[in-house]
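Enquirer: There's a structure below that I have some questions on.
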Amino acid sequence: MQNRYSTLASLVYNLDKPVGRSFGDVEYYRERLAGCSGIVLEPAVGNGRVYVPLREAGIDVVGFDASEEMLAYCRQECSGRNIAASLTCQTFEAFDYEQRFSAAIIPAGSFQLITEADKAIAFLKRIHDHLQPGGKLILDIDGIGGFLSPTGAVRSWKTADGDLLTLIDHRAETDFVSQTTLSYLRYERWTQGRLLDTELDLFALRWWGVQELTLALHTVGFSDIVVSGGYVFGQAPAKNAETITFEARRDR
Ligand SMILES: C[S@@+](CC[C@H](N)C(=O)[O-])C[C@H]1O[C@@H](n2cnc3c(N)ncnc32)[C@H](O)[C@@H]1O
């Protein structure tokens with residue numbers, strides 16, 4: 001499956017964006033969920049960067065992810081903090097729960113990992129149908145600027161046992177019609193100057209216009225859609241906004 005984080009990608013994500021790292025989003029989601037009395041769903045929960053602080057704030061969150069490697073980091077973090085983890089391996093395309101949620105959250109632009117517009121809209125409908133009447137969806141998307149910026153830089157991290165991890169991000173294709181980019185993410189793990197492991201992940205993303213996503217949310221039955229920038233609820237996003245947050249409500 002495309003975009004599912006594999007072994008080195010998960011290791012790097014967990015070093016780069018561990019539980020405790022916030023872009024302003026952790027505080028924002030915590031605040032927006034404060035009044036929710038029921039259970040919250042987090043699709044693409046990953047390593048628990050957002051999930052764990054929400055659980056620690058007393059919010060009942062259920063998460064799923066397509067990557068067992070990412071879920072393993074989340075489970076490990078939860079068990080170290082005595083949090084009962086409610087996590088399963090499921091996908092955007094096929095997730096299913098009997099229960100209905102009071103809210104769903106999708107931080108970190110994960111919604112943009114669904115690169116076909118019709119599948120993304122089907123996913124929004126599936127989320128809608130998993131919410132209680134009155135339940136809300138909060139999701140972030142990255143502004144278009146990030147999709148057009150140059151790539152190719154090498155980034156690096158040190159593991160706990162001193163190995164060097166490197167990542168080269170090469171954008172292979174930009175499709176202005178389908179609004180997608182395809183990048184080759186080449187991960188390498190080095191120990192004492194010797195290459196231990198390598199992984200090439202094909203990483204695809206779709207960008208959305210603000211009006212386009214607003215219409216898509218309306219189409220699947222959401223209303224009261226509020227678009228915010230800078231993690232200030234109701235503040236219109238600036239024209240160069242890096243992150244844009246959508247909040248929408250299921251009516252019936
Ligand atoms: C950017 S991370 C987000 C992690 C976490 N929510 C956060 O805010 O830090 C994106 C996650 O989406 C997951 N993912 C990718 N494709 C998926 C799919 N088709 N279904 C479910 N999860 C998927 C990846 O495995 C990864 O853990």
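Letters A, B, ... go to the chains of the structure tokens in the order shown; residues in each chain start at 1; ligands are counted from 1 in the same order.
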Within 7 Å of ligand 1, counting only C-alpha atoms and all ligand atoms: which residues, as a list in words?

Expert: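 Checking only C-alpha atoms and all ligand atoms against ligand 1 at 7 Å gives Gln2, Asn3, Arg4, Tyr5, Lys17, Pro43, Ala44, Val45, Gly46, Asn47, Gly48, Arg49, Val50, Phe64, Asp65, Ala66, Ser67, Met70, Gln90, Thr91, Phe92, Glu93, Ile106, Pro107, Ala108, Gly109, Ser110, Leu113 and Ile114 of chain A.
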
Enquirer: For Val26 in chain A, find every residue with an atom within 10 Å (counting only C-alpha atoms), except residues of its own chain fewer than 3 positions away, and show them as a list of chain:residue names.

Expert: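 Using only C-alpha atoms, the neighbours found are A:Val19, A:Gly20, A:Arg21, A:Ser22, A:Phe23, A:Tyr29, A:Arg30, A:Glu31, A:Arg49, A:Val50, A:Tyr51, A:Val52, A:Pro53, A:Leu54, A:Pro107, A:Tyr231.
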
Enquirer: Any chance you could export the current selection's N, CA, C and O atoms as an mmCIF file, in the first residue's frame?

Expert:
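Printed below is out.cif as written:
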```
data_model
loop_
_atom_site.group_PDB
_atom_site.id
_atom_site.type_symbol
_atom_site.label_atom_id
_atom_site.label_comp_id
_atom_site.auth_asym_id
_atom_site.auth_seq_id
_atom_site.Cartn_x
_atom_site.Cartn_y
_atom_site.Cartn_z
ATOM 1 N N VAL A 19 6.270 11.863 20.620
ATOM 2 C CA VAL A 19 5.226 12.334 21.532
ATOM 3 C C VAL A 19 5.827 13.508 22.305
ATOM 4 O O VAL A 19 6.959 13.425 22.786
ATOM 5 N N GLY A 20 5.078 14.618 22.374
ATOM 6 C CA GLY A 20 5.605 15.804 23.054
ATOM 7 C C GLY A 20 5.967 16.894 22.065
ATOM 8 O O GLY A 20 6.080 18.051 22.438
ATOM 9 N N ARG A 21 6.135 16.530 20.777
ATOM 10 C CA ARG A 21 6.419 17.553 19.762
ATOM 11 C C ARG A 21 5.093 18.096 19.240
ATOM 12 O O ARG A 21 4.230 17.330 18.809
ATOM 13 N N SER A 22 4.960 19.418 19.314
ATOM 14 C CA SER A 22 3.723 20.050 18.834
ATOM 15 C C SER A 22 4.070 21.170 17.876
ATOM 16 O O SER A 22 5.084 21.844 18.033
ATOM 17 N N PHE A 23 3.210 21.356 16.883
ATOM 18 C CA PHE A 23 3.334 22.492 15.971
ATOM 19 C C PHE A 23 2.257 23.524 16.305
ATOM 20 O O PHE A 23 1.864 24.301 15.445
ATOM 21 N N TYR A 29 -6.013 20.957 19.217
ATOM 22 C CA TYR A 29 -6.967 19.834 19.208
ATOM 23 C C TYR A 29 -7.486 19.570 20.622
ATOM 24 O O TYR A 29 -8.667 19.278 20.814
ATOM 25 N N ARG A 30 -6.580 19.702 21.597
ATOM 26 C CA ARG A 30 -6.998 19.465 22.991
ATOM 27 C C ARG A 30 -8.091 20.473 23.377
ATOM 28 O O ARG A 30 -9.104 20.100 23.964
ATOM 29 N N GLU A 31 -7.872 21.716 22.993
ATOM 30 C CA GLU A 31 -8.840 22.764 23.333
ATOM 31 C C GLU A 31 -10.164 22.551 22.599
ATOM 32 O O GLU A 31 -11.239 22.666 23.190
ATOM 33 N N ARG A 49 1.837 10.914 18.586
ATOM 34 C CA ARG A 49 2.299 12.277 18.886
ATOM 35 C C ARG A 49 1.148 13.141 19.428
ATOM 36 O O ARG A 49 1.336 13.900 20.386
ATOM 37 N N VAL A 50 -0.038 12.995 18.837
ATOM 38 C CA VAL A 50 -1.200 13.759 19.296
ATOM 39 C C VAL A 50 -2.058 12.905 20.231
ATOM 40 O O VAL A 50 -2.586 13.386 21.235
ATOM 41 N N TYR A 51 -2.162 11.624 19.898
ATOM 42 C CA TYR A 51 -3.018 10.694 20.655
ATOM 43 C C TYR A 51 -2.658 10.669 22.149
ATOM 44 O O TYR A 51 -3.534 10.774 23.020
ATOM 45 N N VAL A 52 -1.357 10.543 22.427
ATOM 46 C CA VAL A 52 -0.933 10.361 23.833
ATOM 47 C C VAL A 52 -1.262 11.591 24.685
ATOM 48 O O VAL A 52 -1.880 11.458 25.753
ATOM 49 N N PRO A 53 -0.906 12.814 24.231
ATOM 50 C CA PRO A 53 -1.283 13.980 25.057
ATOM 51 C C PRO A 53 -2.798 14.131 25.242
ATOM 52 O O PRO A 53 -3.251 14.575 26.295
ATOM 53 N N LEU A 54 -3.576 13.739 24.209
ATOM 54 C CA LEU A 54 -5.038 13.829 24.369
ATOM 55 C C LEU A 54 -5.510 12.840 25.419
ATOM 56 O O LEU A 54 -6.352 13.151 26.269
ATOM 57 N N PRO A 107 -4.922 15.270 12.272
ATOM 58 C CA PRO A 107 -3.868 16.289 12.231
ATOM 59 C C PRO A 107 -2.772 15.940 11.222
ATOM 60 O O PRO A 107 -2.806 14.891 10.567
ATOM 61 N N TYR A 231 -3.860 27.954 13.816
ATOM 62 C CA TYR A 231 -4.421 27.297 15.008
ATOM 63 C C TYR A 231 -5.136 28.285 15.921
ATOM 64 O O TYR A 231 -5.029 28.221 17.152
#
```

Enquirer: Would you mind telling me which residue in A:Val154, A:Leu124, A:Thr88, A:Pro237 lies nearest to Glu69 in chain A when using only C-alpha atoms?

Expert: A:Thr88

Enquirer: Please run DSSP on the backbone and report, as a PDB file with C-alpha atoms, in the first residue's frame, all residues within range 55-239 of chain A that come out as strand (DSSP E or B).

Expert:
```pdb
ATOM      1  CA  VAL A  61      -9.517   8.525  21.872  1.00  0.00           C
ATOM      2  CA  VAL A  62      -9.568   5.457  19.612  1.00  0.00           C
ATOM      3  CA  GLY A  63      -6.947   5.329  16.861  1.00  0.00           C
ATOM      4  CA  PHE A  64      -6.086   3.336  13.770  1.00  0.00           C
ATOM      5  CA  ASP A  65      -3.174   3.306  11.347  1.00  0.00           C
ATOM      6  CA  LEU A  87      -5.424   1.082  18.655  1.00  0.00           C
ATOM      7  CA  THR A  88      -5.988  -1.095  15.591  1.00  0.00           C
ATOM      8  CA  CYS A  89      -4.352  -1.647  12.226  1.00  0.00           C
ATOM      9  CA  PHE A 101     -17.935   8.894  17.653  1.00  0.00           C
ATOM     10  CA  SER A 102     -18.474  12.357  19.081  1.00  0.00           C
ATOM     11  CA  ALA A 103     -15.545  13.679  17.022  1.00  0.00           C
ATOM     12  CA  ALA A 104     -12.864  12.662  14.542  1.00  0.00           C
ATOM     13  CA  ILE A 105      -9.497  14.379  14.173  1.00  0.00           C
ATOM     14  CA  ILE A 106      -6.915  14.154  11.398  1.00  0.00           C
ATOM     15  CA  LEU A 131     -19.994  10.283  13.730  1.00  0.00           C
ATOM     16  CA  GLN A 132     -22.971  10.734  15.998  1.00  0.00           C
ATOM     17  CA  PRO A 133     -25.423  13.424  14.906  1.00  0.00           C
ATOM     18  CA  GLY A 134     -23.824  16.694  16.017  1.00  0.00           C
ATOM     19  CA  GLY A 135     -20.386  15.078  16.003  1.00  0.00           C
ATOM     20  CA  LYS A 136     -17.498  17.084  14.590  1.00  0.00           C
ATOM     21  CA  LEU A 137     -14.595  16.492  12.254  1.00  0.00           C
ATOM     22  CA  ILE A 138     -11.396  18.527  12.642  1.00  0.00           C
ATOM     23  CA  LEU A 139      -8.644  18.110  10.066  1.00  0.00           C
ATOM     24  CA  ASP A 140      -5.528  19.935   8.907  1.00  0.00           C
ATOM     25  CA  ILE A 141      -4.174  20.355   5.429  1.00  0.00           C
ATOM     26  CA  ASP A 142      -0.847  21.833   4.374  1.00  0.00           C
ATOM     27  CA  VAL A 154      19.597  15.535   3.119  1.00  0.00           C
ATOM     28  CA  ARG A 155      18.313  15.354   6.682  1.00  0.00           C
ATOM     29  CA  SER A 156      19.836  13.222   9.445  1.00  0.00           C
ATOM     30  CA  TRP A 157      19.124  11.885  12.907  1.00  0.00           C
ATOM     31  CA  LYS A 158      21.024   9.828  15.528  1.00  0.00           C
ATOM     32  CA  LEU A 164      23.117   7.625  11.790  1.00  0.00           C
ATOM     33  CA  LEU A 165      19.846   7.828   9.860  1.00  0.00           C
ATOM     34  CA  THR A 166      19.694   9.851   6.662  1.00  0.00           C
ATOM     35  CA  LEU A 167      16.782  10.827   4.436  1.00  0.00           C
ATOM     36  CA  ILE A 168      16.967  12.201   0.909  1.00  0.00           C
ATOM     37  CA  ASP A 169      13.646  13.520  -0.374  1.00  0.00           C
ATOM     38  CA  HIS A 170      13.450  13.697  -4.161  1.00  0.00           C
ATOM     39  CA  ARG A 171      10.249  14.959  -5.766  1.00  0.00           C
ATOM     40  CA  ALA A 172       9.875  12.797  -8.839  1.00  0.00           C
ATOM     41  CA  GLU A 173       6.650  14.174 -10.227  1.00  0.00           C
ATOM     42  CA  THR A 174       4.158  17.010  -9.800  1.00  0.00           C
ATOM     43  CA  ASP A 175       0.803  16.510 -11.502  1.00  0.00           C
ATOM     44  CA  THR A 180      -0.536  15.421  -6.564  1.00  0.00           C
ATOM     45  CA  THR A 181       3.160  15.095  -5.947  1.00  0.00           C
ATOM     46  CA  LEU A 182       5.143  11.881  -5.920  1.00  0.00           C
ATOM     47  CA  SER A 183       8.408  11.823  -3.964  1.00  0.00           C
ATOM     48  CA  TYR A 184      11.075   9.179  -3.552  1.00  0.00           C
ATOM     49  CA  LEU A 185      12.066   9.063   0.108  1.00  0.00           C
ATOM     50  CA  ARG A 186      15.383   7.268   0.455  1.00  0.00           C
ATOM     51  CA  TYR A 187      16.194   6.278   4.018  1.00  0.00           C
ATOM     52  CA  GLU A 188      19.582   4.883   5.085  1.00  0.00           C
ATOM     53  CA  ARG A 189      20.851   3.587   8.416  1.00  0.00           C
ATOM     54  CA  TRP A 190      24.611   3.752   8.993  1.00  0.00           C
ATOM     55  CA  THR A 191      26.700   2.329  11.796  1.00  0.00           C
ATOM     56  CA  ARG A 194      28.881   1.088   7.140  1.00  0.00           C
ATOM     57  CA  LEU A 195      25.465   0.974   5.520  1.00  0.00           C
ATOM     58  CA  LEU A 196      23.227  -1.287   7.630  1.00  0.00           C
ATOM     59  CA  ASP A 197      19.859  -0.839   6.016  1.00  0.00           C
ATOM     60  CA  THR A 198      18.123   1.141   3.317  1.00  0.00           C
ATOM     61  CA  GLU A 199      14.527   1.754   2.296  1.00  0.00           C
ATOM     62  CA  LEU A 200      12.913   3.577  -0.612  1.00  0.00           C
ATOM     63  CA  ASP A 201       9.383   4.764   0.034  1.00  0.00           C
ATOM     64  CA  LEU A 202       7.181   6.193  -2.684  1.00  0.00           C
ATOM     65  CA  PHE A 203       5.387   9.046  -1.001  1.00  0.00           C
ATOM     66  CA  ALA A 204       2.405  10.673  -2.690  1.00  0.00           C
ATOM     67  CA  LEU A 205       0.359  13.632  -1.511  1.00  0.00           C
ATOM     68  CA  ARG A 206      -2.613  15.582  -2.846  1.00  0.00           C
ATOM     69  CA  PHE A 222     -21.190  18.125   6.784  1.00  0.00           C
ATOM     70  CA  SER A 223     -22.333  21.623   7.727  1.00  0.00           C
ATOM     71  CA  ASP A 224     -21.163  24.565   9.891  1.00  0.00           C
ATOM     72  CA  ILE A 225     -17.760  24.422   8.218  1.00  0.00           C
ATOM     73  CA  VAL A 226     -15.187  26.748   9.802  1.00  0.00           C
ATOM     74  CA  VAL A 227     -11.801  27.259   8.124  1.00  0.00           C
ATOM     75  CA  SER A 228      -9.029  28.531  10.397  1.00  0.00           C
ATOM     76  CA  GLY A 229      -5.369  29.493  10.114  1.00  0.00           C
ATOM     77  CA  VAL A 232      -6.746  30.139  16.022  1.00  0.00           C
TER      78      VAL A 232
END
```

Enquirer: Where does DSSP see helix (DSSP H, G or I) in range 62-240 of chain A, if you list the residues as a PyMOL selection string?

Expert: chain A and resi 68-80+110-113+117-129+145-148+210-219

Enquirer: Would you mind exporting N, CA and C atoms of the selected residues as a tab-separated table (two decimals), in the first residue's frame?

Expert:
```
chain	number	residue	atom	x	y	z
A	68	GLU	N	1.88	-1.10	11.15
A	68	GLU	CA	2.11	-1.78	12.43
A	68	GLU	C	3.33	-1.18	13.13
A	69	GLU	N	4.31	-0.73	12.32
A	69	GLU	CA	5.53	-0.15	12.91
A	69	GLU	C	5.18	1.14	13.68
A	70	MET	N	4.35	1.99	13.08
A	70	MET	CA	3.96	3.23	13.76
A	70	MET	C	3.13	2.90	15.00
A	71	LEU	N	2.22	1.95	14.87
A	71	LEU	CA	1.38	1.57	16.01
A	71	LEU	C	2.24	1.02	17.16
A	72	ALA	N	3.31	0.32	16.81
A	72	ALA	CA	4.17	-0.24	17.87
A	72	ALA	C	4.79	0.89	18.70
A	73	TYR	N	5.21	1.99	18.04
A	73	TYR	CA	5.74	3.13	18.81
A	73	TYR	C	4.66	3.73	19.71
A	74	CYS	N	3.45	3.79	19.18
A	74	CYS	CA	2.36	4.38	19.97
A	74	CYS	C	2.05	3.49	21.19
A	75	ARG	N	2.00	2.18	20.95
A	75	ARG	CA	1.70	1.24	22.05
A	75	ARG	C	2.77	1.33	23.13
A	76	GLN	N	4.03	1.39	22.69
A	76	GLN	CA	5.16	1.46	23.62
A	76	GLN	C	5.06	2.73	24.49
A	77	GLU	N	4.74	3.85	23.84
A	77	GLU	CA	4.62	5.11	24.57
A	77	GLU	C	3.47	5.05	25.58
A	78	CYS	N	2.36	4.43	25.14
A	78	CYS	CA	1.20	4.31	26.04
A	78	CYS	C	1.53	3.43	27.23
A	79	SER	N	2.19	2.29	26.98
A	79	SER	CA	2.43	1.39	28.12
A	79	SER	C	3.41	2.03	29.09
A	80	GLY	N	4.38	2.82	28.61
A	80	GLY	CA	5.31	3.52	29.50
A	80	GLY	C	4.62	4.55	30.37
A	110	SER	N	-2.52	14.34	7.32
A	110	SER	CA	-2.61	12.92	6.91
A	110	SER	C	-3.71	12.69	5.87
A	111	PHE	N	-4.75	13.51	5.89
A	111	PHE	CA	-5.82	13.37	4.89
A	111	PHE	C	-5.26	13.45	3.47
A	112	GLN	N	-4.17	14.21	3.31
A	112	GLN	CA	-3.61	14.41	1.97
A	112	GLN	C	-2.83	13.21	1.47
A	113	LEU	N	-2.70	12.20	2.32
A	113	LEU	CA	-2.07	10.94	1.87
A	113	LEU	C	-3.01	10.16	0.94
A	117	ALA	N	-9.00	11.90	-5.63
A	117	ALA	CA	-10.06	12.76	-5.08
A	117	ALA	C	-11.30	11.95	-4.72
A	118	ASP	N	-11.69	10.99	-5.58
A	118	ASP	CA	-12.92	10.24	-5.28
A	118	ASP	C	-12.75	9.36	-4.04
A	119	LYS	N	-11.53	8.83	-3.83
A	119	LYS	CA	-11.28	8.02	-2.62
A	119	LYS	C	-11.25	8.91	-1.38
A	120	ALA	N	-10.72	10.12	-1.53
A	120	ALA	CA	-10.68	11.05	-0.40
A	120	ALA	C	-12.11	11.43	0.01
A	121	ILE	N	-12.96	11.64	-0.99
A	121	ILE	CA	-14.35	12.01	-0.68
A	121	ILE	C	-15.09	10.82	-0.06
A	122	ALA	N	-14.80	9.61	-0.55
A	122	ALA	CA	-15.40	8.41	0.05
A	122	ALA	C	-14.95	8.27	1.51
A	123	PHE	N	-13.71	8.61	1.77
A	123	PHE	CA	-13.20	8.56	3.16
A	123	PHE	C	-13.94	9.59	4.04
A	124	LEU	N	-14.14	10.80	3.52
A	124	LEU	CA	-14.86	11.82	4.30
A	124	LEU	C	-16.28	11.34	4.61
A	125	LYS	N	-16.89	10.66	3.63
A	125	LYS	CA	-18.25	10.12	3.84
A	125	LYS	C	-18.23	9.04	4.92
A	126	ARG	N	-17.20	8.20	4.88
A	126	ARG	CA	-17.07	7.12	5.88
A	126	ARG	C	-16.90	7.72	7.28
A	127	ILE	N	-16.10	8.79	7.36
A	127	ILE	CA	-15.94	9.50	8.64
A	127	ILE	C	-17.29	10.06	9.09
A	128	HIS	N	-17.97	10.73	8.16
A	128	HIS	CA	-19.28	11.32	8.47
A	128	HIS	C	-20.21	10.27	9.05
A	129	ASP	N	-20.25	9.10	8.41
A	129	ASP	CA	-21.17	8.05	8.82
A	129	ASP	C	-20.76	7.40	10.15
A	145	GLY	N	1.86	26.00	-0.90
A	145	GLY	CA	3.26	26.44	-1.00
A	145	GLY	C	4.26	25.31	-0.74
A	146	GLY	N	3.96	24.49	0.24
A	146	GLY	CA	4.88	23.42	0.61
A	146	GLY	C	5.07	22.39	-0.50
A	147	PHE	N	4.07	22.29	-1.39
A	147	PHE	CA	4.15	21.31	-2.47
A	147	PHE	C	5.05	21.79	-3.60
A	148	LEU	N	5.28	23.09	-3.62
A	148	LEU	CA	6.02	23.66	-4.75
A	148	LEU	C	7.45	24.03	-4.37
A	210	VAL	N	-9.02	25.54	-0.67
A	210	VAL	CA	-9.89	25.72	0.49
A	210	VAL	C	-11.36	25.55	0.10
A	211	GLN	N	-11.75	26.18	-1.02
A	211	GLN	CA	-13.15	26.06	-1.45
A	211	GLN	C	-13.46	24.63	-1.87
A	212	GLU	N	-12.50	23.99	-2.50
A	212	GLU	CA	-12.69	22.61	-2.98
A	212	GLU	C	-12.98	21.67	-1.82
A	213	LEU	N	-12.19	21.81	-0.74
A	213	LEU	CA	-12.42	20.92	0.40
A	213	LEU	C	-13.71	21.29	1.14
A	214	THR	N	-14.02	22.58	1.19
A	214	THR	CA	-15.29	23.00	1.80
A	214	THR	C	-16.46	22.36	1.05
A	215	LEU	N	-16.41	22.39	-0.28
A	215	LEU	CA	-17.49	21.80	-1.08
A	215	LEU	C	-17.55	20.28	-0.87
A	216	ALA	N	-16.37	19.65	-0.79
A	216	ALA	CA	-16.34	18.19	-0.59
A	216	ALA	C	-16.99	17.83	0.76
A	217	LEU	N	-16.71	18.62	1.78
A	217	LEU	CA	-17.31	18.36	3.10
A	217	LEU	C	-18.82	18.53	3.05
A	218	HIS	N	-19.28	19.57	2.34
A	218	HIS	CA	-20.74	19.77	2.16
A	218	HIS	C	-21.35	18.58	1.42
A	219	THR	N	-20.65	18.14	0.37
A	219	THR	CA	-21.18	17.07	-0.48
A	219	THR	C	-21.48	15.80	0.32
```
